[in-house]
Amino acid sequence: MVNNPYEKNIKTKCAVCRKEVLIDQFGQGLCNNCGWEQDINSLDYPDKVIYPNRVSYIKAVLLFGKGRPLLPSFDDFIKMFDFYGELELKYKGRWFGLTASNGHTLEFFEQKIMKFKNMKA
Ligand SMILES: [Zn+2]
């Protein structure tokens, strides 16, 4: 039997709302109360938008304090892109992608979801 290293079995308090949240051994875990993904990197760089979150830690605390959801603004989107180098987003039910290629070209494209059946020989 192999243990799941990502099993969320450690109780802690959410860094944003202070409600109890379950995290894995790496400190990762979604808060079902406020939507913050626990992540030590976000705490080390509280003004940066760092995966897996879509807003900075400082902004998350401010939004939560105002009773608002942790949703990114356009500026957050740009910060995310600057960090990740590629993004996907859903707009009006359609998926789009944005990526930097060759270090100086931006590509914006619609993603088509392709479904394949498991083909057995
Ligand atoms: Zn929370």
# chains A, B, ... in the order shown; residues from 1 in each chain; ligands from 1
call {"tool": "residues_near_ligand", "arguments": {"ligand": "ligand 1", "cutoff": "6 Å", "atoms": "only C-alpha atoms and all ligand atoms", "output": "VMD selection string"}}
result
chain A and resid 14 16 to 17 19 31 33 to 36
call {"tool": "select_by_dssp", "arguments": {"residues": "chain A", "states": "strand (DSSP E or B)", "output": "PyMOL selection string"}}
result
chain A and resi 10-13+20-23+29-30+37-38+86-91+94-101+105-111
call {"tool": "write_last_selection", "arguments": {"atoms": "C-alpha atoms", "output": "compact mmCIF listing (two decimals), in the first residue's frame"}}
result
# COMPACT_ATOMS: atom_id res chain seq x y z
CA ILE A 10 -2.80 17.93 9.19
CA LYS A 11 -5.03 20.47 10.94
CA THR A 12 -3.94 24.09 11.02
CA LYS A 13 -5.51 27.54 10.84
CA GLU A 20 -9.44 25.36 10.65
CA VAL A 21 -8.10 23.88 7.41
CA LEU A 22 -6.52 20.55 6.49
CA ILE A 23 -3.12 20.60 4.80
CA GLY A 29 -4.59 22.80 1.42
CA LEU A 30 -7.66 24.71 0.28
CA GLU A 37 -4.82 27.82 -0.78
CA GLN A 38 -2.39 27.46 2.10
CA GLU A 86 1.45 31.14 -19.21
CA LEU A 87 -2.16 31.18 -18.11
CA GLU A 88 -5.49 29.76 -19.00
CA LEU A 89 -8.78 31.45 -18.26
CA LYS A 90 -12.44 30.75 -18.70
CA TYR A 91 -14.52 33.58 -20.16
CA ARG A 94 -14.93 29.30 -23.26
CA TRP A 95 -11.34 28.50 -22.32
CA PHE A 96 -8.49 30.71 -23.50
CA GLY A 97 -4.73 30.52 -23.14
CA LEU A 98 -2.04 33.16 -22.95
CA THR A 99 1.61 32.29 -23.27
CA ALA A 100 4.92 34.02 -23.84
CA SER A 101 7.00 32.45 -26.55
CA THR A 105 5.94 37.27 -28.32
CA LEU A 106 2.58 36.84 -26.63
CA GLU A 107 0.19 34.25 -27.95
CA PHE A 108 -3.48 34.43 -27.04
CA PHE A 109 -5.60 31.53 -28.21
CA GLU A 110 -8.81 29.70 -27.56
CA GLN A 111 -8.42 26.24 -26.13
call {"tool": "closest_residue", "arguments": {"among": "A:Asp24, A:Asn118, A:Arg54, A:Gly85", "to": "A:Ser73", "atoms": "only C-alpha atoms"}}
result
A:Arg54
call {"tool": "atom_distance", "arguments": {"atom1": "atom CA of A:Phe74", "atom2": "atom CA of A:Gln28"}}
result
25.6 Å
call {"tool": "select_by_dssp", "arguments": {"residues": "stretch 16-110 of chain A", "states": "helix (DSSP H, G or I)", "output": "PyMOL selection string"}}
result
chain A and resi 40-44+57-65+74-84
call {"tool": "write_last_selection", "arguments": {"atoms": "N, CA and C atoms", "output": "PDB file, in the first residue's frame"}}
result
ATOM      1  N   ILE A  40       3.277  28.198   1.767  1.00  0.00           N
ATOM      2  CA  ILE A  40       4.308  28.937   2.497  1.00  0.00           C
ATOM      3  C   ILE A  40       4.986  29.986   1.617  1.00  0.00           C
ATOM      4  N   ASN A  41       5.059  29.733   0.305  1.00  0.00           N
ATOM      5  CA  ASN A  41       5.692  30.719  -0.578  1.00  0.00           C
ATOM      6  C   ASN A  41       4.921  32.033  -0.601  1.00  0.00           C
ATOM      7  N   SER A  42       3.602  31.931  -0.563  1.00  0.00           N
ATOM      8  CA  SER A  42       2.780  33.144  -0.574  1.00  0.00           C
ATOM      9  C   SER A  42       3.021  33.976   0.682  1.00  0.00           C
ATOM     10  N   LEU A  43       3.334  33.301   1.786  1.00  0.00           N
ATOM     11  CA  LEU A  43       3.601  34.031   3.029  1.00  0.00           C
ATOM     12  C   LEU A  43       4.995  34.655   3.014  1.00  0.00           C
ATOM     13  N   ASP A  44       5.938  34.003   2.318  1.00  0.00           N
ATOM     14  CA  ASP A  44       7.286  34.559   2.209  1.00  0.00           C
ATOM     15  C   ASP A  44       7.323  35.791   1.308  1.00  0.00           C
ATOM     16  N   TYR A  57      -1.160  37.413  -0.866  1.00  0.00           N
ATOM     17  CA  TYR A  57      -1.609  37.171   0.506  1.00  0.00           C
ATOM     18  C   TYR A  57      -2.165  38.454   1.124  1.00  0.00           C
ATOM     19  N   ILE A  58      -1.463  39.571   0.911  1.00  0.00           N
ATOM     20  CA  ILE A  58      -1.920  40.852   1.477  1.00  0.00           C
ATOM     21  C   ILE A  58      -3.305  41.203   0.932  1.00  0.00           C
ATOM     22  N   LYS A  59      -3.500  41.034  -0.358  1.00  0.00           N
ATOM     23  CA  LYS A  59      -4.801  41.357  -0.947  1.00  0.00           C
ATOM     24  C   LYS A  59      -5.877  40.390  -0.445  1.00  0.00           C
ATOM     25  N   ALA A  60      -5.513  39.122  -0.275  1.00  0.00           N
ATOM     26  CA  ALA A  60      -6.480  38.140   0.226  1.00  0.00           C
ATOM     27  C   ALA A  60      -6.983  38.535   1.608  1.00  0.00           C
ATOM     28  N   VAL A  61      -6.070  38.960   2.471  1.00  0.00           N
ATOM     29  CA  VAL A  61      -6.460  39.374   3.819  1.00  0.00           C
ATOM     30  C   VAL A  61      -7.380  40.599   3.745  1.00  0.00           C
ATOM     31  N   LEU A  62      -7.038  41.560   2.881  1.00  0.00           N
ATOM     32  CA  LEU A  62      -7.865  42.762   2.737  1.00  0.00           C
ATOM     33  C   LEU A  62      -9.253  42.414   2.204  1.00  0.00           C
ATOM     34  N   LEU A  63      -9.308  41.570   1.169  1.00  0.00           N
ATOM     35  CA  LEU A  63     -10.601  41.179   0.595  1.00  0.00           C
ATOM     36  C   LEU A  63     -11.442  40.426   1.617  1.00  0.00           C
ATOM     37  N   PHE A  64     -10.819  39.487   2.320  1.00  0.00           N
ATOM     38  CA  PHE A  64     -11.564  38.720   3.318  1.00  0.00           C
ATOM     39  C   PHE A  64     -12.106  39.647   4.409  1.00  0.00           C
ATOM     40  N   GLY A  65     -11.289  40.617   4.817  1.00  0.00           N
ATOM     41  CA  GLY A  65     -11.709  41.573   5.844  1.00  0.00           C
ATOM     42  C   GLY A  65     -12.910  42.404   5.421  1.00  0.00           C
ATOM     43  N   PHE A  74      -7.677  42.724 -12.912  1.00  0.00           N
ATOM     44  CA  PHE A  74      -6.837  42.673 -14.114  1.00  0.00           C
ATOM     45  C   PHE A  74      -5.354  42.797 -13.734  1.00  0.00           C
ATOM     46  N   ASP A  75      -5.042  43.659 -12.770  1.00  0.00           N
ATOM     47  CA  ASP A  75      -3.648  43.794 -12.316  1.00  0.00           C
ATOM     48  C   ASP A  75      -3.121  42.468 -11.753  1.00  0.00           C
ATOM     49  N   ASP A  76      -3.971  41.768 -11.001  1.00  0.00           N
ATOM     50  CA  ASP A  76      -3.561  40.462 -10.470  1.00  0.00           C
ATOM     51  C   ASP A  76      -3.305  39.485 -11.614  1.00  0.00           C
ATOM     52  N   PHE A  77      -4.166  39.560 -12.637  1.00  0.00           N
ATOM     53  CA  PHE A  77      -3.996  38.707 -13.805  1.00  0.00           C
ATOM     54  C   PHE A  77      -2.619  38.934 -14.434  1.00  0.00           C
ATOM     55  N   ILE A  78      -2.239  40.207 -14.587  1.00  0.00           N
ATOM     56  CA  ILE A  78      -0.936  40.531 -15.166  1.00  0.00           C
ATOM     57  C   ILE A  78       0.193  40.019 -14.259  1.00  0.00           C
ATOM     58  N   LYS A  79       0.027  40.169 -12.942  1.00  0.00           N
ATOM     59  CA  LYS A  79       1.047  39.664 -12.003  1.00  0.00           C
ATOM     60  C   LYS A  79       1.156  38.138 -12.098  1.00  0.00           C
ATOM     61  N   MET A  80      -0.005  37.473 -12.230  1.00  0.00           N
ATOM     62  CA  MET A  80       0.004  36.012 -12.386  1.00  0.00           C
ATOM     63  C   MET A  80       0.765  35.623 -13.638  1.00  0.00           C
ATOM     64  N   PHE A  81       0.469  36.319 -14.727  1.00  0.00           N
ATOM     65  CA  PHE A  81       1.126  35.998 -15.991  1.00  0.00           C
ATOM     66  C   PHE A  81       2.631  36.235 -15.878  1.00  0.00           C
ATOM     67  N   ASP A  82       3.007  37.304 -15.210  1.00  0.00           N
ATOM     68  CA  ASP A  82       4.420  37.606 -15.022  1.00  0.00           C
ATOM     69  C   ASP A  82       5.102  36.483 -14.241  1.00  0.00           C
ATOM     70  N   PHE A  83       4.407  35.900 -13.287  1.00  0.00           N
ATOM     71  CA  PHE A  83       4.978  34.821 -12.474  1.00  0.00           C
ATOM     72  C   PHE A  83       5.001  33.501 -13.231  1.00  0.00           C
ATOM     73  N   TYR A  84       3.872  33.141 -13.863  1.00  0.00           N
ATOM     74  CA  TYR A  84       3.745  31.818 -14.479  1.00  0.00           C
ATOM     75  C   TYR A  84       4.330  31.744 -15.893  1.00  0.00           C
TER      76      TYR A  84
END
call {"tool": "decode", "arguments": {"residues": "stretch 13-98 of chain A", "atoms": "C-alpha atoms", "output": "PDB file, in the first residue's frame"}}
result
ATOM      1  CA  LYS A  13      -5.507  27.540  10.840  1.00  0.00           C
ATOM      2  CA  CYS A  14      -6.031  29.285   7.515  1.00  0.00           C
ATOM      3  CA  ALA A  15      -3.485  32.074   6.995  1.00  0.00           C
ATOM      4  CA  VAL A  16      -6.260  34.402   5.766  1.00  0.00           C
ATOM      5  CA  CYS A  17      -9.445  33.726   7.760  1.00  0.00           C
ATOM      6  CA  ARG A  18      -8.006  31.700  10.716  1.00  0.00           C
ATOM      7  CA  LYS A  19     -10.615  28.947  10.358  1.00  0.00           C
ATOM      8  CA  GLU A  20      -9.436  25.358  10.649  1.00  0.00           C
ATOM      9  CA  VAL A  21      -8.102  23.883   7.407  1.00  0.00           C
ATOM     10  CA  LEU A  22      -6.525  20.548   6.490  1.00  0.00           C
ATOM     11  CA  ILE A  23      -3.116  20.599   4.798  1.00  0.00           C
ATOM     12  CA  ASP A  24      -0.735  17.996   3.420  1.00  0.00           C
ATOM     13  CA  GLN A  25       2.864  17.454   4.519  1.00  0.00           C
ATOM     14  CA  PHE A  26       3.945  20.226   2.132  1.00  0.00           C
ATOM     15  CA  GLY A  27       1.639  22.775   3.750  1.00  0.00           C
ATOM     16  CA  GLN A  28      -0.856  22.818   0.866  1.00  0.00           C
ATOM     17  CA  GLY A  29      -4.590  22.804   1.423  1.00  0.00           C
ATOM     18  CA  LEU A  30      -7.663  24.711   0.285  1.00  0.00           C
ATOM     19  CA  CYS A  31      -9.649  26.641   2.879  1.00  0.00           C
ATOM     20  CA  ASN A  32     -13.309  25.900   2.321  1.00  0.00           C
ATOM     21  CA  ASN A  33     -14.263  29.022   4.263  1.00  0.00           C
ATOM     22  CA  CYS A  34     -12.445  31.757   2.306  1.00  0.00           C
ATOM     23  CA  GLY A  35     -10.927  29.966  -0.706  1.00  0.00           C
ATOM     24  CA  TRP A  36      -7.265  30.590   0.171  1.00  0.00           C
ATOM     25  CA  GLU A  37      -4.821  27.824  -0.783  1.00  0.00           C
ATOM     26  CA  GLN A  38      -2.389  27.459   2.104  1.00  0.00           C
ATOM     27  CA  ASP A  39       1.103  27.985   0.710  1.00  0.00           C
ATOM     28  CA  ILE A  40       4.308  28.937   2.497  1.00  0.00           C
ATOM     29  CA  ASN A  41       5.692  30.719  -0.578  1.00  0.00           C
ATOM     30  CA  SER A  42       2.780  33.144  -0.574  1.00  0.00           C
ATOM     31  CA  LEU A  43       3.601  34.031   3.029  1.00  0.00           C
ATOM     32  CA  ASP A  44       7.286  34.559   2.209  1.00  0.00           C
ATOM     33  CA  TYR A  45       6.335  36.972  -0.596  1.00  0.00           C
ATOM     34  CA  PRO A  46       3.038  38.455   0.657  1.00  0.00           C
ATOM     35  CA  ASP A  47       2.756  41.091  -2.083  1.00  0.00           C
ATOM     36  CA  LYS A  48       3.273  38.612  -4.967  1.00  0.00           C
ATOM     37  CA  VAL A  49       0.639  36.574  -6.777  1.00  0.00           C
ATOM     38  CA  ILE A  50       2.029  33.058  -6.452  1.00  0.00           C
ATOM     39  CA  TYR A  51       0.580  29.713  -7.497  1.00  0.00           C
ATOM     40  CA  PRO A  52      -1.763  28.220  -6.401  1.00  0.00           C
ATOM     41  CA  ASN A  53      -3.456  31.485  -5.397  1.00  0.00           C
ATOM     42  CA  ARG A  54      -4.723  34.136  -7.800  1.00  0.00           C
ATOM     43  CA  VAL A  55      -4.275  37.132  -5.510  1.00  0.00           C
ATOM     44  CA  SER A  56      -1.420  38.086  -3.172  1.00  0.00           C
ATOM     45  CA  TYR A  57      -1.609  37.171   0.506  1.00  0.00           C
ATOM     46  CA  ILE A  58      -1.920  40.852   1.477  1.00  0.00           C
ATOM     47  CA  LYS A  59      -4.801  41.357  -0.947  1.00  0.00           C
ATOM     48  CA  ALA A  60      -6.480  38.140   0.226  1.00  0.00           C
ATOM     49  CA  VAL A  61      -6.460  39.374   3.819  1.00  0.00           C
ATOM     50  CA  LEU A  62      -7.865  42.762   2.737  1.00  0.00           C
ATOM     51  CA  LEU A  63     -10.601  41.179   0.595  1.00  0.00           C
ATOM     52  CA  PHE A  64     -11.564  38.720   3.318  1.00  0.00           C
ATOM     53  CA  GLY A  65     -11.709  41.573   5.844  1.00  0.00           C
ATOM     54  CA  LYS A  66     -14.206  43.346   3.586  1.00  0.00           C
ATOM     55  CA  GLY A  67     -16.272  40.170   3.218  1.00  0.00           C
ATOM     56  CA  ARG A  68     -15.412  39.896  -0.471  1.00  0.00           C
ATOM     57  CA  PRO A  69     -14.356  36.799  -2.445  1.00  0.00           C
ATOM     58  CA  LEU A  70     -10.665  36.293  -3.260  1.00  0.00           C
ATOM     59  CA  LEU A  71     -11.059  37.096  -6.938  1.00  0.00           C
ATOM     60  CA  PRO A  72      -8.256  38.563  -9.039  1.00  0.00           C
ATOM     61  CA  SER A  73      -8.385  41.966 -10.724  1.00  0.00           C
ATOM     62  CA  PHE A  74      -6.837  42.673 -14.114  1.00  0.00           C
ATOM     63  CA  ASP A  75      -3.648  43.794 -12.316  1.00  0.00           C
ATOM     64  CA  ASP A  76      -3.561  40.462 -10.470  1.00  0.00           C
ATOM     65  CA  PHE A  77      -3.996  38.707 -13.805  1.00  0.00           C
ATOM     66  CA  ILE A  78      -0.936  40.531 -15.166  1.00  0.00           C
ATOM     67  CA  LYS A  79       1.047  39.664 -12.003  1.00  0.00           C
ATOM     68  CA  MET A  80       0.004  36.012 -12.386  1.00  0.00           C
ATOM     69  CA  PHE A  81       1.126  35.998 -15.991  1.00  0.00           C
ATOM     70  CA  ASP A  82       4.420  37.606 -15.022  1.00  0.00           C
ATOM     71  CA  PHE A  83       4.978  34.821 -12.474  1.00  0.00           C
ATOM     72  CA  TYR A  84       3.745  31.818 -14.479  1.00  0.00           C
ATOM     73  CA  GLY A  85       4.654  32.794 -18.041  1.00  0.00           C
ATOM     74  CA  GLU A  86       1.445  31.141 -19.210  1.00  0.00           C
ATOM     75  CA  LEU A  87      -2.156  31.182 -18.107  1.00  0.00           C
ATOM     76  CA  GLU A  88      -5.493  29.762 -18.997  1.00  0.00           C
ATOM     77  CA  LEU A  89      -8.777  31.446 -18.261  1.00  0.00           C
ATOM     78  CA  LYS A  90     -12.442  30.749 -18.701  1.00  0.00           C
ATOM     79  CA  TYR A  91     -14.524  33.575 -20.160  1.00  0.00           C
ATOM     80  CA  LYS A  92     -18.205  33.250 -20.991  1.00  0.00           C
ATOM     81  CA  GLY A  93     -17.956  29.480 -20.930  1.00  0.00           C
ATOM     82  CA  ARG A  94     -14.933  29.296 -23.257  1.00  0.00           C
ATOM     83  CA  TRP A  95     -11.338  28.498 -22.318  1.00  0.00           C
ATOM     84  CA  PHE A  96      -8.485  30.714 -23.496  1.00  0.00           C
ATOM     85  CA  GLY A  97      -4.735  30.522 -23.145  1.00  0.00           C
ATOM     86  CA  LEU A  98      -2.038  33.164 -22.949  1.00  0.00           C
TER      87      LEU A  98
END
